file coords-v8.cif (mmCIF, C-alpha atoms and all ligand atoms)
data_my_file
loop_
_atom_site.label_atom_id
_atom_site.label_comp_id
_atom_site.auth_asym_id
_atom_site.auth_seq_id
_atom_site.Cartn_x
_atom_site.Cartn_y
_atom_site.Cartn_z
CA GLN A 263 27.34 -18.03 -20.04
CA LYS A 264 25.00 -18.72 -17.10
CA PRO A 265 21.25 -18.63 -17.69
CA ALA A 266 19.47 -15.54 -16.35
CA ILE A 267 18.80 -15.52 -12.58
CA GLY A 268 15.07 -15.34 -13.32
CA THR A 269 14.91 -18.65 -15.17
CA ARG A 270 13.19 -21.37 -13.17
CA SER A 271 16.22 -23.69 -13.20
CA ARG A 272 18.68 -21.04 -12.02
CA THR A 273 16.32 -19.70 -9.34
CA LEU A 274 15.82 -23.20 -7.95
CA GLY A 275 19.58 -23.76 -8.10
CA ILE A 276 20.29 -20.56 -6.11
CA LEU A 277 17.60 -21.32 -3.51
CA ASN A 278 19.06 -24.81 -3.05
CA GLN A 279 22.67 -23.74 -2.98
CA TYR A 280 22.05 -21.23 -0.16
CA HIS A 281 19.38 -23.32 1.62
CA LEU A 282 17.03 -20.35 1.30
CA ASN A 283 13.47 -20.58 2.50
CA ALA A 284 11.49 -17.65 1.22
CA LYS A 285 10.42 -15.57 4.22
CA LYS A 286 6.70 -14.99 4.16
CA SER A 287 7.00 -12.24 6.77
CA LEU A 288 9.18 -10.23 4.35
CA GLY A 289 6.91 -10.84 1.37
CA GLN A 290 9.48 -12.96 -0.42
CA ASN A 291 7.96 -14.26 -3.63
CA PHE A 292 10.70 -14.57 -6.20
CA LEU A 293 9.91 -14.01 -9.86
CA ASP A 294 11.03 -16.92 -11.99
CA ASP A 295 9.38 -15.97 -15.25
CA LEU A 296 11.69 -14.27 -17.71
CA ASN A 297 8.81 -12.94 -19.81
CA VAL A 298 7.42 -11.04 -16.84
CA LEU A 299 10.88 -9.79 -15.81
CA GLU A 300 11.53 -8.49 -19.32
CA GLY A 301 8.02 -7.03 -19.40
CA ILE A 302 8.77 -5.00 -16.27
CA VAL A 303 11.97 -3.42 -17.62
CA THR A 304 10.25 -2.81 -20.95
CA ALA A 305 7.35 -1.06 -19.19
CA ALA A 306 9.90 1.13 -17.40
CA ASP A 307 11.74 1.65 -20.71
CA VAL A 308 15.06 1.32 -18.87
CA THR A 309 18.01 2.69 -20.88
CA ASP A 310 21.64 3.62 -20.19
CA GLN A 311 20.40 7.16 -19.49
CA ASP A 312 18.67 5.90 -16.34
CA ASP A 313 19.63 5.37 -12.73
CA VAL A 314 17.16 2.92 -11.25
CA VAL A 315 16.13 2.51 -7.61
CA GLU A 316 14.92 -0.99 -6.85
CA ILE A 317 13.08 -2.08 -3.68
CA GLY A 318 13.69 -5.66 -2.57
CA PRO A 319 16.11 -7.29 -5.05
CA GLY A 320 15.62 -10.73 -3.44
CA ILE A 321 18.10 -13.03 -5.21
CA GLY A 322 18.63 -10.51 -8.01
CA ALA A 323 16.35 -11.69 -10.84
CA LEU A 324 14.90 -8.25 -11.62
CA THR A 325 18.08 -6.43 -10.61
CA GLU A 326 19.98 -8.34 -13.30
CA GLN A 327 17.51 -7.34 -16.02
CA ILE A 328 17.72 -3.71 -14.94
CA ALA A 329 21.53 -3.78 -14.67
CA GLN A 330 21.81 -5.04 -18.26
CA ARG A 331 20.04 -1.90 -19.49
CA ALA A 332 20.55 0.91 -16.96
CA HIS A 333 23.45 3.19 -16.15
CA GLN A 334 23.29 2.38 -12.43
CA VAL A 335 21.06 0.32 -10.12
CA LEU A 336 20.65 1.10 -6.43
CA ALA A 337 18.72 -1.63 -4.66
CA PHE A 338 17.40 -1.64 -1.07
CA GLU A 339 17.11 -5.09 0.50
CA ILE A 340 16.09 -5.53 4.14
CA ASP A 341 17.13 -9.20 4.49
CA GLN A 342 20.73 -9.54 5.59
CA ASN A 343 20.79 -13.23 4.64
CA LEU A 344 20.45 -12.25 1.00
CA MET A 345 23.63 -10.12 0.98
CA PRO A 346 26.08 -12.98 0.25
CA VAL A 347 23.64 -14.37 -2.33
CA LEU A 348 23.38 -11.06 -4.19
CA ASP A 349 27.16 -10.63 -3.97
CA GLU A 350 27.52 -13.77 -5.99
CA THR A 351 24.52 -13.67 -8.34
CA LEU A 352 25.24 -10.06 -9.39
CA ALA A 353 29.05 -10.30 -9.30
CA ASP A 354 29.30 -9.63 -13.04
CA TYR A 355 27.44 -6.32 -12.84
CA GLU A 356 29.60 -3.41 -11.77
CA ASN A 357 26.74 -0.94 -12.00
CA VAL A 358 24.79 -2.44 -9.08
CA THR A 359 24.91 -1.20 -5.48
CA ILE A 360 22.95 -3.06 -2.81
CA VAL A 361 21.97 -1.19 0.34
CA ASN A 362 21.10 -3.52 3.22
CA GLN A 363 18.39 -1.30 4.69
CA ASP A 364 14.64 -1.15 5.15
CA PHE A 365 13.45 1.08 2.29
CA LEU A 366 10.81 2.64 4.54
CA GLN A 367 13.31 3.56 7.25
CA ALA A 368 16.26 4.54 5.05
CA ASN A 369 17.11 8.15 4.25
CA VAL A 370 16.62 7.48 0.54
CA PRO A 371 17.37 11.02 -0.76
CA ALA A 372 20.67 11.11 1.16
CA ILE A 373 21.69 7.64 -0.06
CA LEU A 374 20.84 8.54 -3.65
CA ALA A 375 22.84 11.76 -3.40
CA GLU A 376 25.78 9.76 -2.11
CA GLN A 377 25.60 6.81 -4.53
CA LEU A 378 24.39 8.30 -7.82
CA ASP A 379 25.94 11.02 -9.98
CA GLY A 380 22.71 13.04 -10.19
CA ARG A 381 23.14 13.39 -13.97
CA HIS A 382 20.89 10.52 -15.00
CA ARG A 383 17.15 10.20 -15.18
CA LEU A 384 15.78 8.61 -12.02
CA LYS A 385 13.39 5.67 -12.23
CA ALA A 386 11.98 3.28 -9.64
CA VAL A 387 11.28 -0.35 -10.42
CA ALA A 388 10.21 -3.08 -8.00
CA ASN A 389 8.47 -6.35 -7.45
CA LEU A 390 7.06 -5.13 -4.15
CA PRO A 391 6.86 -7.07 -0.90
CA TYR A 392 3.05 -7.12 -0.69
CA TYR A 393 2.75 -6.58 3.06
CA ILE A 394 4.00 -3.02 2.64
CA THR A 395 2.60 -2.04 -0.77
CA LYS A 396 0.50 0.79 0.62
CA PRO A 397 3.24 2.41 2.79
CA ILE A 398 5.63 2.24 -0.17
CA LEU A 399 3.07 3.84 -2.47
CA MET A 400 2.49 6.59 0.11
CA ASN A 401 6.24 7.04 0.27
CA PHE A 402 6.30 7.71 -3.49
CA LEU A 403 3.26 10.00 -3.26
CA LYS A 404 4.51 12.05 -0.32
CA GLY A 405 8.25 11.82 -0.94
CA SER A 406 10.47 14.55 -2.27
CA LEU A 407 12.22 12.54 -4.99
CA SER A 408 11.07 12.99 -8.55
CA PHE A 409 11.08 9.81 -10.57
CA ALA A 410 10.56 9.98 -14.34
CA THR A 411 8.76 6.63 -14.20
CA ILE A 412 7.77 4.23 -11.42
CA VAL A 413 6.98 0.63 -12.33
CA LEU A 414 5.73 -1.61 -9.53
CA MET A 415 4.45 -5.17 -9.27
CA MET A 416 1.69 -5.40 -6.68
CA GLN A 417 -1.44 -7.36 -5.81
CA LYS A 418 -4.01 -7.05 -8.60
CA GLU A 419 -6.53 -5.74 -6.09
CA VAL A 420 -4.35 -2.73 -5.20
CA ALA A 421 -3.52 -2.14 -8.88
CA ASN A 422 -7.25 -1.98 -9.60
CA ARG A 423 -7.67 0.66 -6.91
CA LEU A 424 -4.90 2.77 -8.45
CA VAL A 425 -6.49 2.87 -11.92
CA ALA A 426 -10.14 3.06 -10.79
CA GLN A 427 -12.30 5.88 -12.14
CA PRO A 428 -15.14 7.78 -10.40
CA ASN A 429 -18.08 5.48 -9.54
CA ASP A 430 -15.99 2.32 -10.03
CA HIS A 431 -16.23 -0.10 -7.13
CA ASP A 432 -12.50 0.26 -6.36
CA TYR A 433 -12.34 4.07 -6.58
CA GLY A 434 -11.21 5.67 -3.33
CA ALA A 435 -8.68 7.93 -1.62
CA LEU A 436 -5.73 5.93 -3.01
CA SER A 437 -7.03 6.35 -6.60
CA VAL A 438 -7.51 10.10 -6.14
CA MET A 439 -4.14 10.75 -4.48
CA THR A 440 -2.25 8.66 -7.04
CA GLN A 441 -4.03 10.09 -10.08
CA TYR A 442 -3.48 13.63 -8.80
CA LEU A 443 0.26 13.07 -9.29
CA TYR A 444 0.54 10.29 -11.85
CA GLN A 445 -0.93 8.94 -15.00
CA VAL A 446 -1.56 5.31 -14.02
CA GLU A 447 -1.76 2.25 -16.23
CA ILE A 448 -1.71 -1.49 -15.70
CA ALA A 449 1.14 -2.71 -17.90
CA ILE A 450 0.98 -6.47 -17.31
CA ALA A 451 -1.34 -8.91 -15.55
CA VAL A 452 0.74 -11.53 -13.77
CA SER A 453 -0.34 -15.00 -12.67
CA GLN A 454 0.59 -16.56 -9.34
CA LYS A 455 2.55 -19.17 -11.30
CA SER A 456 5.26 -16.66 -12.20
CA PHE A 457 6.64 -16.72 -8.64
CA ILE A 458 8.41 -19.10 -6.28
CA PRO A 459 6.71 -19.57 -3.89
CA ALA A 460 3.40 -18.72 -5.58
CA PRO A 461 1.51 -15.97 -3.72
CA LYS A 462 -2.17 -16.52 -2.91
CA VAL A 463 -3.34 -13.64 -5.10
CA ASP A 464 -2.89 -12.53 -8.68
CA SER A 465 -0.64 -9.59 -9.41
CA ALA A 466 -0.25 -6.73 -11.84
CA VAL A 467 2.55 -4.45 -12.95
CA VAL A 468 1.56 -0.81 -12.67
CA LYS A 469 3.28 2.05 -14.44
CA LEU A 470 3.14 5.55 -12.92
CA THR A 471 4.16 8.54 -15.04
CA PRO A 472 4.13 12.00 -13.42
CA VAL A 473 1.41 14.25 -14.81
CA ALA A 474 2.34 17.75 -15.92
CA THR A 475 1.39 20.26 -13.21
CA PRO A 476 -2.41 20.35 -13.08
CA ALA A 477 -4.11 23.52 -14.36
CA GLU A 478 -5.45 24.10 -10.87
CA PRO A 479 -3.18 22.45 -8.30
CA ALA A 480 -4.20 22.03 -4.69
CA TYR A 481 -2.87 24.90 -2.54
CA SER A 482 -1.17 22.25 -0.39
CA GLN A 483 -0.65 18.60 -1.25
CA THR A 484 -0.73 17.59 2.42
CA ALA A 485 -4.04 19.37 2.94
CA PHE A 486 -5.42 17.82 -0.27
CA PHE A 487 -4.44 14.28 0.77
CA SER A 488 -5.93 14.69 4.21
CA PHE A 489 -9.15 16.22 2.81
CA VAL A 490 -9.56 13.35 0.32
CA HIS A 491 -8.89 10.83 3.05
CA GLY A 492 -11.55 12.49 5.22
CA CYS A 493 -14.12 12.51 2.41
CA PHE A 494 -13.77 8.74 2.00
CA MET A 495 -13.93 7.92 5.71
CA HIS A 496 -17.53 6.69 5.31
CA ARG A 497 -17.82 5.53 1.72
CA ARG A 498 -21.49 4.67 1.88
CA LYS A 499 -22.49 8.03 3.32
CA THR A 500 -23.07 11.18 1.30
CA LEU A 501 -20.44 13.84 0.75
CA TRP A 502 -22.52 16.09 3.01
CA ASN A 503 -22.23 13.63 5.90
CA ASN A 504 -18.54 13.08 5.36
CA LEU A 505 -17.84 16.82 5.22
CA GLN A 506 -19.40 17.23 8.63
CA SER A 507 -16.90 14.74 10.02
CA VAL A 508 -14.03 16.41 8.14
CA PHE A 509 -15.00 19.79 9.65
CA ASP A 510 -17.66 19.92 12.36
CA LYS A 511 -21.42 19.95 12.86
CA GLN A 512 -21.78 23.55 14.06
CA PRO A 513 -24.66 25.43 12.38
CA GLU A 514 -22.32 28.10 10.97
CA THR A 515 -20.01 25.41 9.56
CA LYS A 516 -22.98 23.76 7.84
CA VAL A 517 -23.87 27.07 6.22
CA THR A 518 -20.32 27.49 4.91
CA ILE A 519 -20.21 23.90 3.61
CA LYS A 520 -23.49 24.49 1.74
CA GLN A 521 -22.10 27.69 0.21
CA VAL A 522 -18.91 25.99 -0.96
CA LEU A 523 -20.87 23.10 -2.49
CA ALA A 524 -23.12 25.59 -4.30
CA GLU A 525 -20.11 27.54 -5.62
CA THR A 526 -18.37 24.40 -6.85
CA GLY A 527 -21.59 23.03 -8.34
CA ILE A 528 -21.44 19.78 -6.38
CA ALA A 529 -24.61 18.26 -4.91
CA ALA A 530 -24.53 17.57 -1.16
CA SER A 531 -26.22 14.23 -1.80
CA VAL A 532 -23.46 12.71 -3.97
CA ARG A 533 -21.26 9.98 -2.55
CA PRO A 534 -17.55 10.71 -2.38
CA GLN A 535 -16.78 8.04 -5.00
CA ALA A 536 -18.66 10.04 -7.64
CA LEU A 537 -16.22 12.97 -7.50
CA THR A 538 -13.37 13.44 -9.98
CA VAL A 539 -9.82 14.29 -8.92
CA SER A 540 -10.25 17.88 -10.07
CA GLN A 541 -13.50 18.23 -8.09
CA PHE A 542 -11.61 17.14 -4.96
CA VAL A 543 -8.93 19.75 -5.76
CA GLY A 544 -11.59 22.41 -6.28
CA LEU A 545 -13.23 21.61 -2.95
CA THR A 546 -9.89 21.60 -1.07
CA ASN A 547 -9.03 25.04 -2.42
CA GLN A 548 -12.50 26.47 -1.91
CA PHE A 549 -12.72 25.31 1.71
CA HIS A 550 -9.28 26.80 2.30
CA LYS A 551 -10.43 30.13 0.86
CA VAL A 552 -13.30 30.31 3.34
CA ASP A 553 -10.96 29.32 6.19
CA LEU A 554 -12.50 25.94 6.93
N1 LIG B 601 12.97 -8.57 -6.72
C1 LIG B 601 12.88 -9.98 -6.39
C2 LIG B 601 12.13 -10.70 -7.47
O1 LIG B 601 11.44 -10.03 -8.24
O2 LIG B 601 12.21 -11.92 -7.54
C3 LIG B 601 12.24 -10.21 -5.02
C4 LIG B 601 10.87 -9.60 -4.83
S1 LIG B 601 10.08 -10.09 -3.33
C5 LIG B 601 8.40 -9.94 -3.80
C6 LIG B 601 10.26 -8.71 -2.24
C7 LIG B 601 11.64 -8.44 -1.69
O3 LIG B 601 11.60 -7.28 -0.86
C8 LIG B 601 12.22 -9.54 -0.82
O4 LIG B 601 13.54 -9.79 -1.23
C9 LIG B 601 12.20 -8.95 0.60
O5 LIG B 601 13.22 -9.45 1.44
C10 LIG B 601 12.37 -7.48 0.31
N2 LIG B 601 11.86 -6.57 1.35
C11 LIG B 601 10.81 -6.78 2.19
N3 LIG B 601 10.60 -5.71 2.97
C12 LIG B 601 11.52 -4.77 2.59
C13 LIG B 601 11.81 -3.45 3.04
N4 LIG B 601 11.10 -2.86 4.00
N5 LIG B 601 12.83 -2.78 2.45
C14 LIG B 601 13.56 -3.37 1.48
N6 LIG B 601 13.32 -4.63 1.02
C15 LIG B 601 12.31 -5.31 1.57
#

call {"tool": "encode", "arguments": {"input": "coords-v8.cif", "output": "structure tokens"}}
result
Amino acid sequence: QKPAIGTRSRTLGILNQYHLNAKKSLGQNFLDDLNVLEGIVTAADVTDQDDVVEIGPGIGALTEQIAQRAHQVLAFEIDQNLMPVLDETLADYENVTIVNQDFLQANVPAILAEQLDGRHRLKAVANLPYYITKPILMNFLKGSLSFATIVLMMQKEVANRLVAQPNDHDYGALSVMTQYLYQVEIAIAVSQKSFIPAPKVDSAVVKLTPVATPAEPAYSQTAFFSFVHGCFMHRRKTLWNNLQSVFDKQPETKVTIKQVLAETGIAASVRPQALTVSQFVGLTNQFHKVDL
């Protein structure tokens, strides 16, 4: 019985055997801390009822932990050099499929439809390559796939933005968009020492659970996201100032903006970071009603 891939000795052995130098440009920081690896699959509550999509399996440390618990694992790895490595390290797991594609370019729904039976709960689990954390998050927020749970390791700084509440320093468009769709929690704080090579920043594992449909949903998610983004364009300015950039500065537009703010009970002088998710939804819908 070989030790788990994510033990320090085995990871070092694999890196040596294949003469692998972690590629910084691809965000390769391999987890070699079994406690953290087990913590991630526990946070995702992976069971044999689940098909799990993984982004960036690396040398397979997290993939192995998922494969031991899940029905099926479908992992997207961009680095072709890792294909022979994964072939060997995961040879014992028949429920793993590796797709050698860029997750952001791949037609993920089509690949899932082709590779998975569609009868299992879908989850996403990843130790993300940090240079593309934000695009991957946006992919989950805007994408059409519905995951029962998404568990992602990311820089602590981004994790803090995801969980931030109104008036917190880190509260912004990313917090609002994420919390509109998901209940967000930080499951584990992770030190730099849990990786080879150690990244320069601390990390955190974030768990996203879809919220039940909000009582008052935005009339259009795309319009909502773009409105929120516009409101946070100038964080230090008031909502009133930001709304004039979102719309325009015409006198009649200003009158309409004032009316909408009065109807929604929001002061023109507040800063965007003081507004709750449901206030942003209310504003989106109200501006739509008055054709702005
Ligand atoms: N899962 C492994 C672990 O926990 O040790 C490796 C995680 S490492 C932080 C990120 C992985 O994502 C690397 O293997 C990297 O090659 C891969 N990767 C980077 N960009 C990618 C992309 N656009 N699509 C798929 N995989 C990517």

call {"tool": "residues_near_ligand", "arguments": {"input": "coords-v8.cif", "ligand": "ligand LIG 601 (chain B)", "cutoff": "8 Å", "atoms": "only C-alpha atoms and all ligand atoms", "output": "PyMOL selection string"}}
result
chain A and resi 268+285+288-294+299+316-325+338-341+344+362-367+388-394+457

call {"tool": "write_last_selection", "arguments": {"input": "coords-v8.cif", "atoms": "C-alpha atoms", "output": "compact mmCIF listing (two decimals), keeping the file's coordinate frame"}}
result
# COMPACT_ATOMS: atom_id res chain seq x y z
CA GLY A 268 15.07 -15.34 -13.32
CA LYS A 285 10.42 -15.57 4.22
CA LEU A 288 9.18 -10.23 4.35
CA GLY A 289 6.91 -10.84 1.37
CA GLN A 290 9.48 -12.96 -0.42
CA ASN A 291 7.96 -14.26 -3.63
CA PHE A 292 10.70 -14.57 -6.20
CA LEU A 293 9.91 -14.01 -9.86
CA ASP A 294 11.03 -16.92 -11.99
CA LEU A 299 10.88 -9.79 -15.81
CA GLU A 316 14.92 -0.99 -6.85
CA ILE A 317 13.08 -2.08 -3.68
CA GLY A 318 13.69 -5.66 -2.57
CA PRO A 319 16.11 -7.29 -5.05
CA GLY A 320 15.62 -10.73 -3.44
CA ILE A 321 18.10 -13.03 -5.21
CA GLY A 322 18.63 -10.51 -8.01
CA ALA A 323 16.35 -11.69 -10.84
CA LEU A 324 14.90 -8.25 -11.62
CA THR A 325 18.08 -6.43 -10.61
CA PHE A 338 17.40 -1.64 -1.07
CA GLU A 339 17.11 -5.09 0.50
CA ILE A 340 16.09 -5.53 4.14
CA ASP A 341 17.13 -9.20 4.49
CA LEU A 344 20.45 -12.25 1.00
CA ASN A 362 21.10 -3.52 3.22
CA GLN A 363 18.39 -1.30 4.69
CA ASP A 364 14.64 -1.15 5.15
CA PHE A 365 13.45 1.08 2.29
CA LEU A 366 10.81 2.64 4.54
CA GLN A 367 13.31 3.56 7.25
CA ALA A 388 10.21 -3.08 -8.00
CA ASN A 389 8.47 -6.35 -7.45
CA LEU A 390 7.06 -5.13 -4.15
CA PRO A 391 6.86 -7.07 -0.90
CA TYR A 392 3.05 -7.12 -0.69
CA TYR A 393 2.75 -6.58 3.06
CA ILE A 394 4.00 -3.02 2.64
CA PHE A 457 6.64 -16.72 -8.64

call {"tool": "residues_near_point", "arguments": {"input": "coords-v8.cif", "point": "(17.4, 6.3, -16.7)", "cutoff": "8 Å", "atoms": "all atoms listed in the file", "output": "MDAnalysis selection string"}}
result
chainID A and resid 308:314 332:333 382:385

call {"tool": "axis_aligned_box", "arguments": {"input": "coords-v8.cif", "around": "segment 420-434 of chain A", "padding_each_side": "8 Å", "output": "lines of an AutoDock Vina configuration file"}}
result
center_x = -10.8
center_y = 2.5
center_z = -7.7
size_x = 30.6
size_y = 26.5
size_z = 24.8

call {"tool": "residues_around", "arguments": {"input": "coords-v8.cif", "residues": "segment 501-504 of chain A", "least_positions_apart": "3", "cutoff": "10 Å", "atoms": "all atoms listed in the file", "output": "list of chain:residue names"}}
result
A:Gly492, A:Cys493, A:Phe494, A:Met495, A:His496, A:Arg497, A:Arg498, A:Ser507, A:Val508, A:Phe509, A:Asp510, A:Lys511, A:Lys516, A:Ile519, A:Lys520, A:Leu523, A:Ile528, A:Ala529, A:Ala530, A:Ser531, A:Val532, A:Arg533, A:Pro534, A:Gln535, A:Ala536, A:Leu537

call {"tool": "closest_residue", "arguments": {"input": "coords-v8.cif", "among": "A:Gly301, A:Phe542, A:His550, A:Phe489", "to": "Pro428 of chain A", "atoms": "all atoms listed in the file"}}
result
A:Phe542

call {"tool": "closest_residue", "arguments": {"input": "coords-v8.cif", "among": "A:Gly380, A:Pro461, A:Gly434, A:Gly275", "to": "Thr538 of chain A", "atoms": "only C-alpha atoms"}}
result
A:Gly434

call {"tool": "atom_distance", "arguments": {"input": "coords-v8.cif", "atom1": "atom CA of Val315 of chain A", "atom2": "atom CA of Ala386 of chain A"}}
result
4.7 Å

call {"tool": "closest_residue", "arguments": {"input": "coords-v8.cif", "among": "A:Val387, A:Arg423, A:Ala368, A:Ile448", "to": "Gln327 of chain A", "atoms": "only C-alpha atoms"}}
result
A:Val387

call {"tool": "residues_around", "arguments": {"input": "coords-v8.cif", "residues": "Val425 of chain A", "least_positions_apart": "6", "cutoff": "7 Å", "atoms": "only C-alpha atoms", "output": "NGL selection string"}}
result
:A and (437 or 446-447)

call {"tool": "closest_residue", "arguments": {"input": "coords-v8.cif", "among": "A:Ala466, A:Leu282, A:Val370, A:Val438", "to": "Asn401 of chain A", "atoms": "only C-alpha atoms"}}
result
A:Val370

call {"tool": "atom_distance", "arguments": {"input": "coords-v8.cif", "atom1": "atom CA of Gly544 of chain A", "atom2": "atom CA of Asn429 of chain A"}}
result
18.4 Å

call {"tool": "decode", "arguments": {"input": "coords-v8.cif", "residues": "segment 456-479 of chain A", "atoms": "N, CA and C atoms", "output": "PDB file, in the first residue's frame"}}
result
ATOM      1  N   SER A 456       1.608  24.457   3.663  1.00  0.00           N
ATOM      2  CA  SER A 456       0.923  23.234   3.235  1.00  0.00           C
ATOM      3  C   SER A 456       1.133  22.916   1.766  1.00  0.00           C
ATOM      4  N   PHE A 457       1.951  23.734   1.081  1.00  0.00           N
ATOM      5  CA  PHE A 457       2.153  23.561  -0.362  1.00  0.00           C
ATOM      6  C   PHE A 457       3.635  23.404  -0.706  1.00  0.00           C
ATOM      7  N   ILE A 458       3.870  22.708  -1.817  1.00  0.00           N
ATOM      8  CA  ILE A 458       5.197  22.712  -2.458  1.00  0.00           C
ATOM      9  C   ILE A 458       5.002  23.204  -3.875  1.00  0.00           C
ATOM     10  N   PRO A 459       5.681  24.229  -4.357  1.00  0.00           N
ATOM     11  CA  PRO A 459       6.392  25.205  -3.537  1.00  0.00           C
ATOM     12  C   PRO A 459       5.398  26.064  -2.757  1.00  0.00           C
ATOM     13  N   ALA A 460       5.872  26.684  -1.670  1.00  0.00           N
ATOM     14  CA  ALA A 460       4.991  27.515  -0.842  1.00  0.00           C
ATOM     15  C   ALA A 460       4.629  28.791  -1.595  1.00  0.00           C
ATOM     16  N   PRO A 461       3.340  29.111  -1.695  1.00  0.00           N
ATOM     17  CA  PRO A 461       2.962  30.384  -2.332  1.00  0.00           C
ATOM     18  C   PRO A 461       3.332  31.550  -1.411  1.00  0.00           C
ATOM     19  N   LYS A 462       3.287  32.766  -1.944  1.00  0.00           N
ATOM     20  CA  LYS A 462       3.690  33.941  -1.154  1.00  0.00           C
ATOM     21  C   LYS A 462       2.587  34.406  -0.205  1.00  0.00           C
ATOM     22  N   VAL A 463       1.370  33.910  -0.428  1.00  0.00           N
ATOM     23  CA  VAL A 463       0.238  34.404   0.375  1.00  0.00           C
ATOM     24  C   VAL A 463      -0.434  33.251   1.108  1.00  0.00           C
ATOM     25  N   ASP A 464      -1.168  33.592   2.157  1.00  0.00           N
ATOM     26  CA  ASP A 464      -1.960  32.575   2.844  1.00  0.00           C
ATOM     27  C   ASP A 464      -3.198  32.262   2.028  1.00  0.00           C
ATOM     28  N   SER A 465      -3.811  31.124   2.335  1.00  0.00           N
ATOM     29  CA  SER A 465      -4.950  30.662   1.551  1.00  0.00           C
ATOM     30  C   SER A 465      -6.131  30.320   2.441  1.00  0.00           C
ATOM     31  N   ALA A 466      -7.254  30.071   1.818  1.00  0.00           N
ATOM     32  CA  ALA A 466      -8.431  29.636   2.559  1.00  0.00           C
ATOM     33  C   ALA A 466      -9.288  28.771   1.652  1.00  0.00           C
ATOM     34  N   VAL A 467      -9.975  27.824   2.273  1.00  0.00           N
ATOM     35  CA  VAL A 467     -10.907  26.980   1.532  1.00  0.00           C
ATOM     36  C   VAL A 467     -12.307  27.561   1.731  1.00  0.00           C
ATOM     37  N   VAL A 468     -12.952  27.860   0.629  1.00  0.00           N
ATOM     38  CA  VAL A 468     -14.280  28.483   0.682  1.00  0.00           C
ATOM     39  C   VAL A 468     -15.326  27.487   0.212  1.00  0.00           C
ATOM     40  N   LYS A 469     -16.436  27.452   0.933  1.00  0.00           N
ATOM     41  CA  LYS A 469     -17.536  26.571   0.531  1.00  0.00           C
ATOM     42  C   LYS A 469     -18.719  27.417   0.066  1.00  0.00           C
ATOM     43  N   LEU A 470     -19.198  27.131  -1.147  1.00  0.00           N
ATOM     44  CA  LEU A 470     -20.346  27.847  -1.707  1.00  0.00           C
ATOM     45  C   LEU A 470     -21.521  26.880  -1.815  1.00  0.00           C
ATOM     46  N   THR A 471     -22.640  27.249  -1.204  1.00  0.00           N
ATOM     47  CA  THR A 471     -23.853  26.419  -1.279  1.00  0.00           C
ATOM     48  C   THR A 471     -24.949  27.277  -1.913  1.00  0.00           C
ATOM     49  N   PRO A 472     -25.577  26.796  -2.982  1.00  0.00           N
ATOM     50  CA  PRO A 472     -26.599  27.634  -3.636  1.00  0.00           C
ATOM     51  C   PRO A 472     -27.694  28.042  -2.652  1.00  0.00           C
ATOM     52  N   VAL A 473     -28.101  29.305  -2.729  1.00  0.00           N
ATOM     53  CA  VAL A 473     -29.219  29.742  -1.882  1.00  0.00           C
ATOM     54  C   VAL A 473     -30.513  29.349  -2.589  1.00  0.00           C
ATOM     55  N   ALA A 474     -31.568  29.132  -1.796  1.00  0.00           N
ATOM     56  CA  ALA A 474     -32.875  28.908  -2.408  1.00  0.00           C
ATOM     57  C   ALA A 474     -33.211  30.199  -3.163  1.00  0.00           C
ATOM     58  N   THR A 475     -34.049  30.101  -4.181  1.00  0.00           N
ATOM     59  CA  THR A 475     -34.382  31.288  -4.978  1.00  0.00           C
ATOM     60  C   THR A 475     -34.770  32.435  -4.058  1.00  0.00           C
ATOM     61  N   PRO A 476     -34.156  33.610  -4.234  1.00  0.00           N
ATOM     62  CA  PRO A 476     -34.483  34.731  -3.348  1.00  0.00           C
ATOM     63  C   PRO A 476     -35.947  35.148  -3.502  1.00  0.00           C
ATOM     64  N   ALA A 477     -36.517  35.699  -2.424  1.00  0.00           N
ATOM     65  CA  ALA A 477     -37.920  36.113  -2.429  1.00  0.00           C
ATOM     66  C   ALA A 477     -38.174  37.061  -3.597  1.00  0.00           C
ATOM     67  N   GLU A 478     -37.233  38.009  -3.768  1.00  0.00           N
ATOM     68  CA  GLU A 478     -37.364  38.917  -4.904  1.00  0.00           C
ATOM     69  C   GLU A 478     -36.098  38.787  -5.755  1.00  0.00           C
ATOM     70  N   PRO A 479     -36.147  37.930  -6.781  1.00  0.00           N
ATOM     71  CA  PRO A 479     -34.937  37.809  -7.613  1.00  0.00           C
ATOM     72  C   PRO A 479     -34.803  38.995  -8.563  1.00  0.00           C
TER      73      PRO A 479
END
